[in-house]
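File shown: target.tsv. Contents: TSV, C-alpha atoms and all ligand atoms.
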```tsv
chain	number	residue	atom	x	y	z
D	10	MET	CA	73.96	102.54	112.42
D	11	THR	CA	77.09	102.12	114.53
D	12	ASN	CA	79.85	101.42	112.04
D	13	ILE	CA	83.18	100.30	113.44
D	14	VAL	CA	86.42	99.93	111.49
D	15	LEU	CA	88.76	97.29	112.90
D	16	PHE	CA	92.26	98.28	112.07
D	17	GLY	CA	95.55	96.44	112.42
D	18	LYS	CA	98.42	94.78	110.66
D	19	PRO	CA	98.02	91.35	109.06
D	20	GLY	CA	97.69	88.82	111.88
D	21	ALA	CA	96.79	91.43	114.52
D	22	GLY	CA	93.60	89.52	115.36
D	23	LYS	CA	90.94	91.51	113.54
D	24	GLY	CA	89.04	88.45	112.36
D	25	THR	CA	89.21	86.77	115.76
D	26	GLN	CA	87.89	89.83	117.58
D	27	ALA	CA	85.25	90.44	114.94
D	28	GLU	CA	83.71	87.04	115.68
D	29	PHE	CA	83.07	88.07	119.30
D	30	LEU	CA	82.17	91.69	118.67
D	31	LYS	CA	79.57	90.96	116.01
D	32	GLU	CA	77.64	88.79	118.50
D	33	LYS	CA	78.03	91.17	121.39
D	34	TYR	CA	76.92	94.29	119.51
D	35	LYS	CA	74.72	92.63	116.86
D	36	LEU	CA	76.82	94.02	114.04
D	37	THR	CA	77.24	92.80	110.47
D	38	HIS	CA	80.82	91.63	110.01
D	39	ILE	CA	82.33	92.30	106.60
D	40	SER	CA	85.85	90.99	106.07
D	41	THR	CA	87.14	91.97	102.65
D	42	GLY	CA	89.78	89.23	102.91
D	43	ASP	CA	87.05	86.63	103.51
D	44	VAL	CA	84.90	87.94	100.66
D	45	PHE	CA	87.88	87.80	98.32
D	46	ARG	CA	88.80	84.28	99.46
D	47	PHE	CA	85.21	83.14	98.91
D	48	ASN	CA	85.37	84.49	95.36
D	49	LEU	CA	88.74	82.86	94.76
D	50	LYS	CA	87.45	79.52	95.95
D	51	ASN	CA	84.39	79.74	93.75
D	52	ASP	CA	86.43	81.02	90.84
D	53	THR	CA	84.12	83.96	90.18
D	54	GLU	CA	85.05	86.81	87.86
D	55	LEU	CA	85.98	88.91	90.90
D	56	GLY	CA	88.09	86.05	92.23
D	57	LYS	CA	89.93	85.75	88.94
D	58	GLN	CA	90.73	89.45	88.97
D	59	ALA	CA	91.86	89.49	92.61
D	60	ARG	CA	93.93	86.31	92.65
D	61	VAL	CA	97.24	87.60	91.30
D	62	PHE	CA	97.33	90.45	93.79
D	63	MET	CA	96.30	88.36	96.78
D	64	ASP	CA	98.67	85.49	96.12
D	65	ALA	CA	101.58	87.93	95.97
D	66	GLY	CA	100.52	89.67	99.19
D	67	ASP	CA	99.76	92.86	97.25
D	68	LEU	CA	96.63	94.91	97.76
D	69	VAL	CA	93.84	94.39	95.26
D	70	PRO	CA	93.21	97.65	93.32
D	71	ASP	CA	91.00	100.16	95.13
D	72	GLU	CA	88.28	100.37	92.53
D	73	LEU	CA	87.63	96.63	92.51
D	74	THR	CA	87.75	96.40	96.30
D	75	THR	CA	85.48	99.36	96.90
D	76	LYS	CA	82.88	98.12	94.44
D	77	MET	CA	82.83	94.76	96.17
D	78	LEU	CA	82.61	96.37	99.60
D	79	ILE	CA	79.64	98.54	98.66
D	80	ASP	CA	77.85	95.50	97.19
D	81	GLU	CA	78.38	93.70	100.51
D	82	VAL	CA	77.10	96.58	102.63
D	83	ASN	CA	74.04	96.91	100.40
D	84	LYS	CA	73.13	93.29	101.19
D	85	HIS	CA	72.32	94.38	104.77
D	86	PRO	CA	69.97	97.36	104.57
D	87	ASP	CA	68.49	96.79	108.04
D	88	THR	CA	71.68	96.29	110.00
D	89	ASN	CA	72.47	97.87	113.39
D	90	GLY	CA	75.89	98.66	112.05
D	91	ILE	CA	78.79	97.22	110.12
D	92	LEU	CA	82.04	95.91	111.55
D	93	PHE	CA	84.56	96.58	108.81
D	94	ASP	CA	87.50	94.17	108.90
D	95	GLY	CA	90.24	94.76	106.34
D	96	TYR	CA	88.62	97.82	104.79
D	97	PRO	CA	89.63	100.58	104.32
D	98	ARG	CA	93.29	99.85	103.68
D	99	THR	CA	94.22	102.96	101.68
D	100	ILE	CA	93.35	106.65	101.92
D	101	SER	CA	91.40	106.36	98.69
D	102	GLN	CA	89.32	103.53	100.20
D	103	ALA	CA	88.72	105.56	103.36
D	104	GLU	CA	87.49	108.48	101.29
D	105	ALA	CA	85.27	106.18	99.24
D	106	LEU	CA	83.86	104.68	102.44
D	107	ASP	CA	83.09	108.10	103.89
D	108	ALA	CA	81.40	109.19	100.68
D	109	PHE	CA	79.35	106.01	100.51
D	110	LEU	CA	78.28	106.09	104.17
D	111	THR	CA	77.35	109.76	103.87
D	112	SER	CA	75.22	108.89	100.84
D	113	ILE	CA	73.19	106.46	102.98
D	114	GLY	CA	72.96	108.94	105.87
D	115	SER	CA	75.56	107.23	108.03
D	116	GLN	CA	79.22	107.49	109.05
D	117	VAL	CA	82.15	105.70	110.68
D	118	ALA	CA	81.63	105.83	114.45
D	119	ALA	CA	85.13	104.70	115.40
D	120	THR	CA	88.29	103.09	114.12
D	121	ILE	CA	89.81	100.65	116.59
D	122	ALA	CA	93.40	99.56	116.02
D	123	LEU	CA	94.77	96.32	117.45
D	124	GLU	CA	98.44	96.94	118.09
D	125	ALA	CA	101.14	94.29	118.18
D	126	ASP	CA	104.81	93.90	117.48
D	127	ASP	CA	105.78	92.89	113.89
D	128	GLU	CA	107.91	89.90	114.88
D	129	ILE	CA	105.11	88.38	116.97
D	130	LEU	CA	102.72	88.89	114.06
D	131	VAL	CA	104.96	87.27	111.46
D	132	GLN	CA	105.24	84.18	113.69
D	133	ARG	CA	101.44	84.11	114.16
D	134	LEU	CA	100.88	84.23	110.39
D	135	LEU	CA	103.38	81.47	109.67
D	136	GLU	CA	101.61	79.32	112.30
D	137	ARG	CA	98.23	80.12	110.70
D	138	GLY	CA	99.65	79.24	107.28
D	139	LYS	CA	100.36	75.68	108.42
D	140	THR	CA	96.64	74.97	108.82
D	141	SER	CA	94.70	77.65	106.92
D	142	GLY	CA	95.86	76.73	103.44
D	143	ARG	CA	96.32	80.45	102.71
D	144	ILE	CA	99.15	80.82	100.22
D	145	ASP	CA	99.89	84.34	101.46
D	146	ASP	CA	100.51	82.99	104.99
D	147	GLN	CA	103.00	80.30	104.03
D	148	ASP	CA	105.86	82.30	102.69
D	149	GLU	CA	107.80	84.77	104.81
D	150	GLU	CA	108.60	86.93	101.81
D	151	LYS	CA	104.89	87.36	100.99
D	152	ILE	CA	104.18	88.15	104.61
D	153	ARG	CA	106.92	90.79	104.63
D	154	ASN	CA	105.41	92.23	101.45
D	155	ARG	CA	102.05	92.58	103.21
D	156	TYR	CA	103.77	94.53	106.00
D	157	GLN	CA	105.37	96.77	103.45
D	158	GLU	CA	101.98	97.36	101.83
D	159	TYR	CA	100.60	98.09	105.28
D	160	ASN	CA	103.35	100.56	106.17
D	161	GLU	CA	103.13	102.40	102.86
D	162	LYS	CA	99.42	102.40	102.17
D	163	THR	CA	97.48	101.55	105.31
D	164	ALA	CA	99.43	103.18	108.16
D	165	PRO	CA	98.62	106.70	106.83
D	166	LEU	CA	94.98	105.97	107.66
D	167	MET	CA	95.78	106.33	111.35
D	168	ASN	CA	96.29	110.04	110.74
D	169	TYR	CA	93.21	110.25	108.57
D	170	TYR	CA	91.01	108.99	111.41
D	171	GLN	CA	92.97	110.75	114.16
D	172	GLU	CA	92.22	114.06	112.47
D	173	GLN	CA	88.53	113.18	112.63
D	174	GLY	CA	88.85	112.27	116.34
D	175	LYS	CA	87.85	108.69	115.53
D	176	PHE	CA	91.04	106.74	116.13
D	177	HIS	CA	91.37	104.44	119.15
D	178	ALA	CA	94.38	102.20	119.75
D	179	VAL	CA	94.12	99.02	121.81
D	180	ASN	CA	96.89	96.72	123.00
D	181	GLY	CA	96.52	93.58	120.86
D	182	ILE	CA	98.73	91.37	123.00
D	183	GLY	CA	96.95	89.27	125.60
D	184	SER	CA	94.23	86.63	125.74
D	185	ILE	CA	91.39	86.84	123.21
D	186	ALA	CA	88.97	87.69	126.04
D	187	GLU	CA	91.21	90.43	127.41
D	188	ILE	CA	91.42	92.05	124.01
D	189	THR	CA	87.65	91.79	123.44
D	190	GLU	CA	87.27	93.56	126.79
D	191	ARG	CA	89.61	96.37	125.72
D	192	VAL	CA	87.81	96.85	122.40
D	193	SER	CA	84.43	96.71	124.15
D	194	ASN	CA	85.53	99.52	126.47
D	195	VAL	CA	86.08	101.72	123.47
D	196	ILE	CA	82.72	100.83	121.88
D	197	ASP	CA	80.81	101.24	125.16
D	198	ASN	CA	82.20	104.74	125.55
D	199	LEU	CA	81.32	105.99	122.07
D	201	LIG	N1	90.72	96.65	101.51
D	201	LIG	C1	91.48	95.90	100.71
D	201	LIG	N2	92.09	96.47	99.65
D	201	LIG	C2	92.85	95.76	98.82
D	201	LIG	N3	93.09	94.46	98.97
D	201	LIG	C3	92.50	93.81	100.00
D	201	LIG	C4	91.66	94.50	100.92
D	201	LIG	N4	91.21	93.62	101.84
D	201	LIG	C5	91.75	92.43	101.52
D	201	LIG	N5	92.53	92.54	100.41
D	201	LIG	C6	93.30	91.46	99.76
D	201	LIG	O1	93.07	90.22	100.42
D	201	LIG	C7	94.26	89.72	101.07
D	201	LIG	C8	93.90	89.05	102.40
D	201	LIG	O2	93.13	89.91	103.20
D	201	LIG	P1	93.06	89.72	104.79
D	201	LIG	O3	92.67	88.35	105.14
D	201	LIG	O4	92.26	90.84	105.35
D	201	LIG	O5	94.59	89.94	105.09
D	201	LIG	P2	95.46	89.96	106.37
D	201	LIG	O6	95.38	88.65	107.05
D	201	LIG	O7	96.77	90.20	105.71
D	201	LIG	O8	94.98	91.10	107.21
D	201	LIG	C9	95.14	90.97	101.20
D	201	LIG	O9	96.51	90.66	101.29
D	201	LIG	C10	94.78	91.72	99.90
D	201	LIG	O10	95.40	91.15	98.76
```
Go ahead and express the file in the form of structure tokens.
Ligand SMILES: Nc1ncnc2c1ncn2[C@@H]1O[C@H](COP(=O)(O)OP(=O)(O)O)[C@@H](O)[C@H]1O
Amino acid sequence: MTNIVLFGKPGAGKGTQAEFLKEKYKLTHISTGDVFRFNLKNDTELGKQARVFMDAGDLVPDELTTKMLIDEVNKHPDTNGILFDGYPRTISQAEALDAFLTSIGSQVAATIALEADDEILVQRLLERGKTSGRIDDQDEEKIRNRYQEYNEKTAPLMNYYQEQGKFHAVNGIGSIAEITERVSNVIDNL
């Protein structure tokens, strides 16, 4: 299994790139944000538990998120590899992911970060909020809260993966195709 973690701030383009990369490398794309939104929409028990956190732009608690993530991965026993989008977002999640992948005889092959300037990203999210219906994209204060969550809880993961020699940064500004090309260069050289 070639497991890739797509890493980046809210709005950095993880979901957009994932759509191309999953086709190109025949990977299973798991977006924790999408799984949560699906559960919210269908008003499942998980959705009910996650809603308050998501609507505020806070992270959903690790235990709930990790359980959901493992359930998703287990739905694809024969996959070539997983493209993780939005997970892990905390050190505790990264450790849980490592432990889980080790338990199935696998590992993270690489973490690829899409880098972009905060101000550009906030504008992108506000644009997306006009059409996506996502509550967390419509309010600048909630967006700023997501960046704060990112800086406090998610940014430390860069070090975590750097120490393992698995961290690769890619310039996330450019056309979608240009960025796919940059990410592909990293994957092709693994
Ligand atoms: N790994 C995670 N841990 C905790 N909460 C998460 C995780 N992934 C997604 N969420 C929740 O879902 C929301 C939306 O996720 P996502 O679409 O990936 O966000 P963004 O567009 O901000 O990158 C997050 O703000 C958070 O509340």
Report as an mmCIF file with C-alpha atoms, keeping the file's coordinate frame all protein, DNA and RNA residues lying within 12 Å of Ser101 in chain D, evaluated on only C-alpha atoms, omitting residues in the same chain fewer than 4 positions from it.
```cif
data_model
loop_
_atom_site.group_PDB
_atom_site.id
_atom_site.type_symbol
_atom_site.label_atom_id
_atom_site.label_comp_id
_atom_site.auth_asym_id
_atom_site.auth_seq_id
_atom_site.Cartn_x
_atom_site.Cartn_y
_atom_site.Cartn_z
ATOM 1 C CA PRO D 70 93.210 97.650 93.320
ATOM 2 C CA ASP D 71 91.000 100.160 95.130
ATOM 3 C CA GLU D 72 88.280 100.370 92.530
ATOM 4 C CA THR D 74 87.750 96.400 96.300
ATOM 5 C CA THR D 75 85.480 99.360 96.900
ATOM 6 C CA TYR D 96 88.620 97.820 104.790
ATOM 7 C CA PRO D 97 89.630 100.580 104.320
ATOM 8 C CA ALA D 105 85.270 106.180 99.240
ATOM 9 C CA LEU D 106 83.860 104.680 102.440
ATOM 10 C CA ASP D 107 83.090 108.100 103.890
ATOM 11 C CA ALA D 108 81.400 109.190 100.680
ATOM 12 C CA LYS D 162 99.420 102.400 102.170
ATOM 13 C CA THR D 163 97.480 101.550 105.310
ATOM 14 C CA PRO D 165 98.620 106.700 106.830
ATOM 15 C CA LEU D 166 94.980 105.970 107.660
ATOM 16 C CA TYR D 169 93.210 110.250 108.570
#
```
Using only C-alpha atoms, which of D:Asn48, D:Gln102, D:Asn194, D:Gln173 sits nearest Ala118 in chain D?
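Result for the nearest residue to Ala118 in chain D: D:Gln173.
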Pick out the closest residue to Gly142 in chain D from this set: D:Arg46, D:Met10, D:Tyr34, D:Leu15. Count all atoms listed in the file.
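Of D:Arg46, D:Met10, D:Tyr34, D:Leu15, the one nearest Gly142 in chain D is D:Arg46, counting all atoms listed in the file.
Relative to CA of Gln116 in chain D, CA of Leu68 in chain D is found at 24.3 Å.
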Within 8 Å of ligand LIG 201 (chain D): each chain D residue with its shortest pair, only C-alpha atoms and all ligand atoms, as CSV:
```
residue,atom,partner,partner_atom,distance
D:Gly17,CA,D:LIG201,O8,7.5
D:Lys18,CA,D:LIG201,O8,6.1
D:Pro19,CA,D:LIG201,O8,3.6
D:Gly20,CA,D:LIG201,O6,5.4
D:Ala21,CA,D:LIG201,O8,7.5
D:Lys23,CA,D:LIG201,O8,7.5
D:Ser40,CA,D:LIG201,O4,6.5
D:Thr41,CA,D:LIG201,N4,4.5
D:Gly42,CA,D:LIG201,O2,3.4
D:Asp43,CA,D:LIG201,O3,6.1
D:Phe45,CA,D:LIG201,O1,6.1
D:Arg46,CA,D:LIG201,O1,7.4
D:Ala59,CA,D:LIG201,O10,7.3
D:Arg60,CA,D:LIG201,O10,7.9
D:Phe62,CA,D:LIG201,O10,5.4
D:Met63,CA,D:LIG201,O10,3.5
D:Asp64,CA,D:LIG201,O10,7.0
D:Ala65,CA,D:LIG201,O10,7.5
D:Gly66,CA,D:LIG201,O9,4.6
D:Asp67,CA,D:LIG201,O10,4.9
D:Leu68,CA,D:LIG201,N3,3.8
D:Val69,CA,D:LIG201,N3,3.8
D:Pro70,CA,D:LIG201,C2,5.8
D:Asp71,CA,D:LIG201,N2,5.9
D:Thr74,CA,D:LIG201,N2,5.5
D:Thr75,CA,D:LIG201,N1,7.5
D:Asp94,CA,D:LIG201,O4,6.8
D:Gly95,CA,D:LIG201,O4,4.5
D:Tyr96,CA,D:LIG201,N1,4.1
D:Pro97,CA,D:LIG201,N1,5.0
D:Arg98,CA,D:LIG201,N1,4.6
D:Thr99,CA,D:LIG201,N2,7.1
D:Gln102,CA,D:LIG201,N1,7.1
D:Leu134,CA,D:LIG201,O6,7.8
D:Asp145,CA,D:LIG201,O9,7.2
D:Asp146,CA,D:LIG201,O6,7.9
D:Ile152,CA,D:LIG201,O7,7.8
D:Arg155,CA,D:LIG201,O9,6.2
```
Could you tell me how far CA of Thr53 in chain D lies from CA of Lys139 in chain D, in Å and to one decimal?
25.8 Å
Grab the CA of Glu32 in chain D to CA of Ile185 in chain D distance for me, in Å with one decimal place.
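Going from CA of Glu32 in chain D over to CA of Ile185 in chain D covers 14.7 Å.
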Using all atoms listed in the file, determine which residues lie at most 6 Å from range 85-91 of chain D, disregarding the query and same-chain residues fewer than 4 positions distant; provide the list as a count of residues only.
6
Close residues, Leu73 in chain D itself excluded, 10 Å, only C-alpha atoms, min 5 positions apart in chain, as a PyMOL selection string:
chain D and resi 55+58-59+78
In terms of only C-alpha atoms, the residue from D:Lys31, D:Lys151, D:Arg137, D:Lys76 at minimal distance from Leu92 in chain D is D:Lys31
Enumerate, as a list in words, the protein, DNA and RNA residues whose atoms approach (96.0, 89.8, 124.4) to within 12 Å, taking into account all atoms listed in the file and the coordinate frame of the file.
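Protein, DNA and RNA residues close to (96.0, 89.8, 124.4): Ala21, Gly22, Thr25, Gln26, Leu123, Glu124, Ala125, Asp126, Ile129, Val179, Asn180, Gly181, Ile182, Gly183, Ser184, Ile185, Ala186, Glu187, Ile188, Thr189, Glu190, Arg191 and Val192 of chain D.
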May I have the centre and edge lengths, in Å to one decimal, of an axis-aligned box around the listed atoms of range 167-186 of chain D with 4 Å added to every side, as lines of an AutoDock Vina configuration file?
```
center_x = 93.3
center_y = 100.3
center_z = 117.3
size_x = 18.9
size_y = 35.4
size_z = 25.5
```
Pick from D:Asp52, D:Leu30, D:Glu81, D:Ile196: nearest to Lys175 in chain D, with all atoms listed in the file counted?
D:Ile196
Starting from the point (94.1, 107.0, 120.5), work out which residues of protein, DNA or RNA have an atom no more than 12 Å away when counting only C-alpha atoms; state them as a PDB file with C-alpha atoms, in the coordinates of the input.
```pdb
ATOM      1  CA  ALA D 119      85.130 104.700 115.400  1.00  0.00           C
ATOM      2  CA  THR D 120      88.290 103.090 114.120  1.00  0.00           C
ATOM      3  CA  ILE D 121      89.810 100.650 116.590  1.00  0.00           C
ATOM      4  CA  ALA D 122      93.400  99.560 116.020  1.00  0.00           C
ATOM      5  CA  LEU D 123      94.770  96.320 117.450  1.00  0.00           C
ATOM      6  CA  GLU D 124      98.440  96.940 118.090  1.00  0.00           C
ATOM      7  CA  MET D 167      95.780 106.330 111.350  1.00  0.00           C
ATOM      8  CA  ASN D 168      96.290 110.040 110.740  1.00  0.00           C
ATOM      9  CA  TYR D 170      91.010 108.990 111.410  1.00  0.00           C
ATOM     10  CA  GLN D 171      92.970 110.750 114.160  1.00  0.00           C
ATOM     11  CA  GLU D 172      92.220 114.060 112.470  1.00  0.00           C
ATOM     12  CA  GLN D 173      88.530 113.180 112.630  1.00  0.00           C
ATOM     13  CA  GLY D 174      88.850 112.270 116.340  1.00  0.00           C
ATOM     14  CA  LYS D 175      87.850 108.690 115.530  1.00  0.00           C
ATOM     15  CA  PHE D 176      91.040 106.740 116.130  1.00  0.00           C
ATOM     16  CA  HIS D 177      91.370 104.440 119.150  1.00  0.00           C
ATOM     17  CA  ALA D 178      94.380 102.200 119.750  1.00  0.00           C
ATOM     18  CA  VAL D 179      94.120  99.020 121.810  1.00  0.00           C
ATOM     19  CA  ASN D 180      96.890  96.720 123.000  1.00  0.00           C
ATOM     20  CA  VAL D 195      86.080 101.720 123.470  1.00  0.00           C
TER      21      VAL D 195
END
```
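Minimum atom-to-atom distances from D:Asn198, D:Phe16, D:Glu149, D:Val131 to Ala103 in chain D were compared using all atoms listed in the file, and the lowest value belongs to D:Phe16.
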Counting only C-alpha atoms, the residue of D:Ile113, D:Met77, D:Val44, D:Phe93 that sits nearest Ala27 in chain D:
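Closest to Ala27 in chain D, using only C-alpha atoms: D:Phe93.
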